[in-house]
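Peer 1: A single structure is presented below for examination.
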Amino acid sequence: MAQTAPQTKRREPPFAKKYRDFWQSELSAAWLYRALSEYADEHGASTLHRLADAEDSHAAHWAELLKKAGVDNLEYPGPPWRERFLVWVARKFGIERVVPMLIRLEAADAGKYLGVAEAPQSMSEEEVQHGRALAQIGKETPARIADIESRHRVGSGGALRAATFGVNDGLVSNLALVMAAIGGTGNAHETVLLAGIGGLLAGAFSMAGGEWISVRSQRELYEREIEIEREELAAFPEEEKAELALIYRAKGIEPEAADKLAERIMLRKSAALDTLVREELGLDPNDLASPWVAAISSFIAFACGAFLPVLPYIVSQGNGAFFAAMAVSGLALLTVGLAVSVLTGRNPFVSAFRMLFVGTLASSITYFVGKALNVTVS
């Protein structure tokens, strides 16, 4: 009886993993857009379904390449946690809250295809167009489009970013301080607790004060620029009208149309000032940052992060408090890393463990520095 040769598993080509990642990413985006369409108005839902169809076509492109390479065991594992989280945010707080993050994700998708020969140029261009389409969901007027763009830069991209990194600053810096106190005093409860609370208050007040001065100075600078523009508008209206017309010509408007548009805007001084400030200075006079909001937000974010390494020493002491502080801080570092991945669009596990590594490295160094100093507490 003849023996048959054992079947060997076919090895996938080296590029298969990258193409499979592209395929899963596009399917996840399609799932996300269809899920979000349930929380959009009629116009927004239509746009989201159109984007989902485009993502499906991109996924089909990568699936076809994988099939030609002999990879036929494609099985979609389902949407990752980030997409599910964005749908939850849209359900709880409205789709406008997640649009800025969607624009960031589309921008990342456009960039990841650069230099990939098998990705048609139209694919990257479509991803960029998707970002523009997302910015118009539920925003039928130019003013409302500008509103969501502002929220993209300042609201979600600014406030959420500031909160995330504020918590991270407080967590890492106070964890390092607490570890130095533990190493230097042999985990003396009162000393560690004092160092932790002192570090929390000192860091939070320092962050708040620095943020207040920074934002206040920037606001005063912007207010001065706006006042100068108001004075120039009153003293040299014709020159300002010509300047405004030149700005519109630079944007591609025909000279005659640009002149008429500038002339109409100049009929109302308030509208003229608002337009000149936006177009010439790139400022929104109605949306200057508040130094008090910035200071209070920085104080709270830093204090929340700095409080975590101290918490176990408030309710316990000794080795139990030490290990609890390490566990709480490690979990918090992982959580902050996941939050950062939502902002950056990067791999969540890479971001999480990178944050854990940085925090562990900083606290280990300060622990051994404290150990070397060997402070005696009487």
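Lettering and numbering for the structure tokens are positional, with chains as A, B, ... in the shown order, residues counted from 1 in each chain, and ligands counted from 1 in the shown order.
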Determine which residues of range 116-333 of chain A receive a DSSP assignment of alpha helix (DSSP H), computed from the backbone, and state them as a count of residues only.
Peer 2: 170
Peer 1: Please report as a Markdown table every residue of range 188-302 of chain A lying within 12 Å of range 324-338 of chain A, along with the nearest atom pair and their distance in Å (one decimal), using only C-alpha atoms.
Peer 2:
```
| residue | atom | partner | partner_atom | distance |
| --- | --- | --- | --- | --- |
| A:Val192 | CA | A:Ala325 | CA | 11.3 |
| A:Leu193 | CA | A:Ala325 | CA | 11.5 |
| A:Gly196 | CA | A:Ala325 | CA | 11.2 |
| A:Ala301 | CA | A:Val336 | CA | 11.9 |
```
Peer 1: Using only C-alpha atoms for the distances, tell me which of A:Leu361, A:Ile247, A:Val172, A:Ala295 is nearest to Arg278 in chain A.
Peer 2: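 Nearest to Arg278 in chain A: A:Ile247.
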Peer 1: Counting only C-alpha atoms, which of A:Arg20, A:Tyr248, A:Ala54, A:Ala45 gets nearest to Lys67 in chain A?
Peer 2: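 Selected residue with least distance to Lys67 in chain A: A:Arg20.
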